[in-house]
file final28.txt (compact mmCIF, C-alpha atoms)
# COMPACT_ATOMS: atom_id res chain seq x y z
CA MET A 8 -22.23 34.80 -84.99
CA ASN A 9 -24.31 37.00 -87.28
CA LYS A 10 -24.67 36.02 -90.90
CA ARG A 11 -22.94 38.54 -93.16
CA PHE A 12 -24.24 39.32 -96.65
CA ALA A 13 -24.21 42.05 -99.27
CA THR A 14 -27.12 43.00 -101.49
CA HIS A 15 -26.27 44.94 -104.64
CA ASP A 16 -28.93 47.11 -106.22
CA THR A 17 -29.46 50.18 -108.37
CA PHE A 18 -32.29 52.66 -108.44
CA VAL A 19 -33.00 55.69 -110.63
CA ILE A 20 -35.20 58.65 -109.74
CA GLU A 21 -36.13 61.28 -112.32
CA LYS A 22 -37.57 64.65 -111.31
CA THR A 23 -38.39 67.79 -113.24
CA TYR A 24 -37.85 71.12 -111.50
CA ASN A 25 -39.08 74.56 -112.52
CA ALA A 26 -35.57 76.03 -112.37
CA PRO A 27 -32.72 76.09 -114.88
CA PRO A 28 -29.95 73.47 -114.53
CA GLU A 29 -27.55 76.13 -113.23
CA ARG A 30 -29.81 76.82 -110.23
CA ALA A 31 -30.51 73.14 -109.58
CA PHE A 32 -26.77 72.41 -109.71
CA ALA A 33 -26.01 75.34 -107.39
CA ALA A 34 -28.42 73.87 -104.83
CA TRP A 35 -26.03 70.90 -104.58
CA ALA A 36 -22.78 72.88 -104.85
CA ASP A 37 -23.36 75.69 -102.33
CA PRO A 38 -23.26 74.54 -98.68
CA ALA A 39 -25.74 77.20 -97.46
CA ALA A 40 -28.23 76.31 -100.20
CA LYS A 41 -27.81 72.56 -99.72
CA ALA A 42 -28.39 72.88 -95.96
CA LYS A 43 -31.90 74.16 -96.73
CA TRP A 44 -33.00 70.80 -98.19
CA PHE A 45 -30.38 68.23 -97.03
CA PRO A 46 -28.92 67.68 -93.55
CA LYS A 47 -26.37 70.43 -92.85
CA ALA A 48 -22.84 69.22 -93.48
CA ASP A 49 -20.26 69.21 -90.72
CA GLU A 50 -17.68 69.34 -93.52
CA PHE A 51 -18.37 70.47 -97.11
CA ASP A 52 -15.59 70.63 -99.72
CA PHE A 53 -17.28 70.65 -103.13
CA ARG A 54 -14.46 69.75 -105.51
CA VAL A 55 -13.16 66.54 -107.07
CA GLY A 56 -11.56 64.65 -104.19
CA GLY A 57 -13.43 66.82 -101.68
CA ARG A 58 -15.50 65.48 -98.83
CA GLU A 59 -19.01 66.03 -97.56
CA TYR A 60 -19.65 64.68 -94.07
CA ASN A 61 -22.53 64.89 -91.64
CA GLN A 62 -23.90 63.08 -88.62
CA GLY A 63 -27.39 63.27 -87.22
CA GLY A 64 -30.63 61.56 -86.47
CA PRO A 65 -33.74 61.76 -84.37
CA LYS A 66 -33.45 63.00 -80.78
CA GLY A 67 -32.57 60.06 -78.57
CA GLY A 68 -32.42 57.80 -81.61
CA PRO A 69 -29.64 56.31 -83.67
CA VAL A 70 -26.92 58.46 -85.25
CA PHE A 71 -26.58 58.27 -89.03
CA THR A 72 -23.25 59.20 -90.61
CA PHE A 73 -23.03 60.24 -94.28
CA ASP A 74 -19.43 60.38 -95.57
CA ALA A 75 -19.06 61.26 -99.25
CA CYS A 76 -16.16 61.87 -101.64
CA TYR A 77 -16.74 63.77 -104.88
CA GLN A 78 -15.40 61.76 -107.82
CA GLU A 79 -16.40 63.98 -110.75
CA ILE A 80 -18.01 67.39 -111.10
CA VAL A 81 -19.08 68.87 -114.42
CA PRO A 82 -20.61 72.27 -113.59
CA ASP A 83 -24.34 72.51 -114.33
CA GLN A 84 -24.35 69.00 -115.83
CA ARG A 85 -23.21 66.19 -113.52
CA ILE A 86 -22.01 65.26 -110.03
CA VAL A 87 -20.61 61.81 -109.22
CA TYR A 88 -19.81 60.88 -105.65
CA SER A 89 -19.23 57.79 -103.57
CA TYR A 90 -20.45 57.56 -100.02
CA THR A 91 -20.78 55.37 -96.98
CA MET A 92 -23.71 55.35 -94.59
CA ASP A 93 -23.29 54.22 -91.00
CA LEU A 94 -25.94 53.61 -88.36
CA ASP A 95 -24.23 54.30 -85.04
CA GLU A 96 -21.02 52.24 -85.35
CA THR A 97 -22.36 49.88 -88.05
CA ARG A 98 -21.65 50.37 -91.76
CA ILE A 99 -24.98 49.82 -93.51
CA SER A 100 -24.14 50.70 -97.11
CA VAL A 101 -21.61 51.90 -99.65
CA SER A 102 -22.85 53.66 -102.80
CA VAL A 103 -21.86 55.42 -105.98
CA THR A 104 -24.28 58.16 -107.00
CA THR A 105 -24.60 60.14 -110.22
CA VAL A 106 -26.75 63.26 -110.35
CA GLU A 107 -27.39 64.56 -113.88
CA PHE A 108 -28.88 67.96 -114.71
CA LYS A 109 -30.48 68.22 -118.16
CA HIS A 110 -32.34 71.07 -119.81
CA ALA A 111 -36.07 70.41 -119.93
CA GLU A 112 -39.00 72.46 -121.18
CA ALA A 113 -40.05 73.17 -117.58
CA GLY A 114 -36.49 73.86 -116.42
CA THR A 115 -34.35 70.93 -115.27
CA GLN A 116 -34.70 67.22 -115.61
CA LEU A 117 -32.70 65.73 -112.74
CA ILE A 118 -31.67 62.09 -113.02
CA TYR A 119 -30.43 60.56 -109.78
CA THR A 120 -28.85 57.12 -110.09
CA GLU A 121 -27.56 55.23 -107.07
CA GLN A 122 -25.67 51.96 -107.26
CA GLY A 123 -25.30 50.51 -103.80
CA VAL A 124 -24.20 47.59 -101.74
CA PHE A 125 -26.49 47.23 -98.73
CA LEU A 126 -24.86 45.34 -95.90
CA ASP A 127 -26.17 42.58 -93.64
CA GLY A 128 -29.83 43.60 -93.92
CA HIS A 129 -29.37 46.89 -92.05
CA ASP A 130 -30.69 48.87 -95.04
CA THR A 131 -32.27 48.10 -98.41
CA ALA A 132 -32.40 49.78 -101.80
CA ALA A 133 -36.16 50.26 -101.36
CA GLN A 134 -35.66 52.10 -98.05
CA ARG A 135 -32.88 54.25 -99.52
CA GLU A 136 -34.94 55.06 -102.62
CA HIS A 137 -37.88 56.09 -100.42
CA GLY A 138 -35.68 58.43 -98.36
CA THR A 139 -34.03 59.83 -101.48
CA LYS A 140 -37.41 60.64 -103.03
CA ILE A 141 -38.31 62.62 -99.91
CA MET A 142 -34.97 64.45 -100.10
CA LEU A 143 -35.46 65.28 -103.80
CA ASP A 144 -38.98 66.56 -103.05
CA LYS A 145 -37.41 68.90 -100.47
CA LEU A 146 -34.98 70.06 -103.16
CA GLY A 147 -37.99 70.83 -105.39
CA GLU A 148 -39.66 72.83 -102.59
CA TYR A 149 -36.42 74.77 -102.05
CA LEU A 150 -36.05 75.55 -105.77
CA GLN A 151 -39.69 76.64 -105.97
CA LYS A 152 -39.26 79.03 -103.02
CA GLU A 153 -36.07 80.45 -104.53
CA SER A 154 -37.83 80.91 -107.87
CA THR A 155 -40.65 82.82 -106.16
CA VAL A 156 -38.17 85.04 -104.31
CA GLU A 157 -36.30 85.70 -107.57
CA LYS A 158 -39.52 86.67 -109.40
CA ASN A 159 -40.48 89.10 -106.61
CA ARG A 160 -37.17 91.00 -106.78

call {"tool": "encode", "arguments": {"input": "final28.txt", "output": "structure tokens"}}
result
Amino acid sequence: MNKRFATHDTFVIEKTYNAPPERAFAAWADPAAKAKWFPKADEFDFRVGGREYNQGGPKGGPVFTFDACYQEIVPDQRIVYSYTMDLDETRISVSVTTVEFKHAEAGTQLIYTEQGVFLDGHDTAAQREHGTKIMLDKLGEYLQKESTVEKNR
């Protein structure tokens, strides 16, 4: 019998993007935009009570399933969602995430806070934080490209 345990942890990541909060928020709210920096959703219903769902992973490797429910949306200011993460058929975590968009001199200060329970040693807050930083860097690259396109119009 495997030992079962839950590890609770919170991490916060702050990023500044050279785009106004409205554009940074839209990158989360629009499925086509989000698919450019986050795994493309199999289902995307961006409203309170709506679901975002995707499955994927490396070729021949494990399948990760992200299943989120939007709890609160304040346009251009805040998104709160809860989500589960599964590795194949194993639930590895359950989290509540808040993404805040604040005006900053350079554009947007994004504050990403995740409160999670990581299950049975299959995942850790440090691993999730590392992956989230990579994801938020991709968001920054996307916003920079969009800003360049916008300036060239």

call {"tool": "closest_residue", "arguments": {"input": "final28.txt", "among": "A:Phe12, A:Tyr77, A:Tyr24, A:Phe18", "to": "Ala36 (chain A)", "atoms": "all atoms listed in the file"}}
result
A:Tyr77

call {"tool": "residues_around", "arguments": {"input": "final28.txt", "residues": "region 85-93 of chain A", "least_positions_apart": "6", "cutoff": "12 Å", "atoms": "all atoms listed in the file", "output": "number ranges by chain"}}
result
A: 28-29, 31-36, 53-64, 69-79, 99-109, 116-126, 129-131, 135

call {"tool": "atom_distance", "arguments": {"input": "final28.txt", "atom1": "CA of Ala132 (chain A)", "atom2": "CA of Asp37 (chain A)"}}
result
27.4 Å

call {"tool": "atom_distance", "arguments": {"input": "final28.txt", "atom1": "CA of Lys47 (chain A)", "atom2": "CA of Arg98 (chain A)"}}
result
20.6 Å

call {"tool": "closest_residue", "arguments": {"input": "final28.txt", "among": "A:Thr155, A:Gln84, A:Thr14, A:Thr139", "to": "Thr115 (chain A)", "atoms": "all atoms listed in the file"}}
result
A:Gln84

call {"tool": "decode", "arguments": {"input": "final28.txt", "residues": "region 35-54 of chain A", "atoms": "N, CA, C and O atoms", "output": "PDB file, in the first residue's frame"}}
result
ATOM      1  N   TRP A  35      -5.210  36.187 -21.713  1.00  0.00           N
ATOM      2  CA  TRP A  35      -5.770  35.087 -20.916  1.00  0.00           C
ATOM      3  C   TRP A  35      -7.208  34.781 -21.327  1.00  0.00           C
ATOM      4  O   TRP A  35      -7.657  33.639 -21.219  1.00  0.00           O
ATOM      5  N   ALA A  36      -7.930  35.804 -21.765  1.00  0.00           N
ATOM      6  CA  ALA A  36      -9.373  35.678 -21.996  1.00  0.00           C
ATOM      7  C   ALA A  36      -9.738  35.167 -23.381  1.00  0.00           C
ATOM      8  O   ALA A  36     -10.794  34.567 -23.550  1.00  0.00           O
ATOM      9  N   ASP A  37      -8.894  35.405 -24.371  1.00  0.00           N
ATOM     10  CA  ASP A  37      -9.189  35.023 -25.751  1.00  0.00           C
ATOM     11  C   ASP A  37      -8.531  33.675 -26.052  1.00  0.00           C
ATOM     12  O   ASP A  37      -7.308  33.546 -25.934  1.00  0.00           O
ATOM     13  N   PRO A  38      -9.305  32.668 -26.447  1.00  0.00           N
ATOM     14  CA  PRO A  38      -8.721  31.333 -26.653  1.00  0.00           C
ATOM     15  C   PRO A  38      -7.636  31.286 -27.725  1.00  0.00           C
ATOM     16  O   PRO A  38      -6.649  30.572 -27.572  1.00  0.00           O
ATOM     17  N   ALA A  39      -7.790  32.053 -28.808  1.00  0.00           N
ATOM     18  CA  ALA A  39      -6.771  32.054 -29.867  1.00  0.00           C
ATOM     19  C   ALA A  39      -5.473  32.677 -29.359  1.00  0.00           C
ATOM     20  O   ALA A  39      -4.376  32.184 -29.647  1.00  0.00           O
ATOM     21  N   ALA A  40      -5.587  33.766 -28.606  1.00  0.00           N
ATOM     22  CA  ALA A  40      -4.400  34.413 -28.051  1.00  0.00           C
ATOM     23  C   ALA A  40      -3.735  33.503 -27.018  1.00  0.00           C
ATOM     24  O   ALA A  40      -2.511  33.322 -27.023  1.00  0.00           O
ATOM     25  N   LYS A  41      -4.531  32.921 -26.139  1.00  0.00           N
ATOM     26  CA  LYS A  41      -3.960  32.084 -25.076  1.00  0.00           C
ATOM     27  C   LYS A  41      -3.239  30.871 -25.658  1.00  0.00           C
ATOM     28  O   LYS A  41      -2.197  30.448 -25.142  1.00  0.00           O
ATOM     29  N   ALA A  42      -3.749  30.320 -26.744  1.00  0.00           N
ATOM     30  CA  ALA A  42      -3.136  29.143 -27.370  1.00  0.00           C
ATOM     31  C   ALA A  42      -1.741  29.441 -27.924  1.00  0.00           C
ATOM     32  O   ALA A  42      -0.987  28.520 -28.222  1.00  0.00           O
ATOM     33  N   LYS A  43      -1.387  30.715 -28.040  1.00  0.00           N
ATOM     34  CA  LYS A  43      -0.064  31.078 -28.548  1.00  0.00           C
ATOM     35  C   LYS A  43       1.012  31.007 -27.463  1.00  0.00           C
ATOM     36  O   LYS A  43       2.196  31.035 -27.769  1.00  0.00           O
ATOM     37  N   TRP A  44       0.595  30.941 -26.176  1.00  0.00           N
ATOM     38  CA  TRP A  44       1.594  30.881 -25.107  1.00  0.00           C
ATOM     39  C   TRP A  44       1.287  29.819 -24.039  1.00  0.00           C
ATOM     40  O   TRP A  44       2.111  29.572 -23.153  1.00  0.00           O
ATOM     41  N   PHE A  45       0.139  29.169 -24.126  1.00  0.00           N
ATOM     42  CA  PHE A  45      -0.300  28.150 -23.164  1.00  0.00           C
ATOM     43  C   PHE A  45      -0.846  26.981 -23.984  1.00  0.00           C
ATOM     44  O   PHE A  45      -1.352  27.198 -25.085  1.00  0.00           O
ATOM     45  N   PRO A  46      -0.753  25.753 -23.491  1.00  0.00           N
ATOM     46  CA  PRO A  46      -1.292  24.646 -24.295  1.00  0.00           C
ATOM     47  C   PRO A  46      -2.729  24.916 -24.753  1.00  0.00           C
ATOM     48  O   PRO A  46      -3.573  25.366 -23.968  1.00  0.00           O
ATOM     49  N   LYS A  47      -2.980  24.655 -26.041  1.00  0.00           N
ATOM     50  CA  LYS A  47      -4.300  24.923 -26.627  1.00  0.00           C
ATOM     51  C   LYS A  47      -5.379  24.141 -25.884  1.00  0.00           C
ATOM     52  O   LYS A  47      -5.259  22.941 -25.664  1.00  0.00           O
ATOM     53  N   ALA A  48      -6.434  24.831 -25.528  1.00  0.00           N
ATOM     54  CA  ALA A  48      -7.532  24.220 -24.782  1.00  0.00           C
ATOM     55  C   ALA A  48      -8.409  23.360 -25.683  1.00  0.00           C
ATOM     56  O   ALA A  48      -8.715  23.739 -26.809  1.00  0.00           O
ATOM     57  N   ASP A  49      -8.802  22.213 -25.165  1.00  0.00           N
ATOM     58  CA  ASP A  49      -9.799  21.381 -25.840  1.00  0.00           C
ATOM     59  C   ASP A  49     -11.192  21.963 -25.604  1.00  0.00           C
ATOM     60  O   ASP A  49     -12.092  21.777 -26.406  1.00  0.00           O
ATOM     61  N   GLU A  50     -11.333  22.654 -24.487  1.00  0.00           N
ATOM     62  CA  GLU A  50     -12.581  23.355 -24.137  1.00  0.00           C
ATOM     63  C   GLU A  50     -12.181  24.666 -23.479  1.00  0.00           C
ATOM     64  O   GLU A  50     -11.288  24.686 -22.630  1.00  0.00           O
ATOM     65  N   PHE A  51     -12.820  25.777 -23.880  1.00  0.00           N
ATOM     66  CA  PHE A  51     -12.470  27.095 -23.338  1.00  0.00           C
ATOM     67  C   PHE A  51     -13.741  27.926 -23.230  1.00  0.00           C
ATOM     68  O   PHE A  51     -14.295  28.358 -24.234  1.00  0.00           O
ATOM     69  N   ASP A  52     -14.211  28.121 -22.013  1.00  0.00           N
ATOM     70  CA  ASP A  52     -15.436  28.880 -21.737  1.00  0.00           C
ATOM     71  C   ASP A  52     -15.094  29.916 -20.668  1.00  0.00           C
ATOM     72  O   ASP A  52     -15.215  29.648 -19.474  1.00  0.00           O
ATOM     73  N   PHE A  53     -14.608  31.074 -21.134  1.00  0.00           N
ATOM     74  CA  PHE A  53     -14.098  32.106 -20.225  1.00  0.00           C
ATOM     75  C   PHE A  53     -15.241  32.950 -19.671  1.00  0.00           C
ATOM     76  O   PHE A  53     -15.614  33.980 -20.218  1.00  0.00           O
ATOM     77  N   ARG A  54     -15.824  32.459 -18.598  1.00  0.00           N
ATOM     78  CA  ARG A  54     -16.858  33.168 -17.844  1.00  0.00           C
ATOM     79  C   ARG A  54     -16.886  32.539 -16.462  1.00  0.00           C
ATOM     80  O   ARG A  54     -16.390  31.421 -16.267  1.00  0.00           O
TER      81      ARG A  54
END
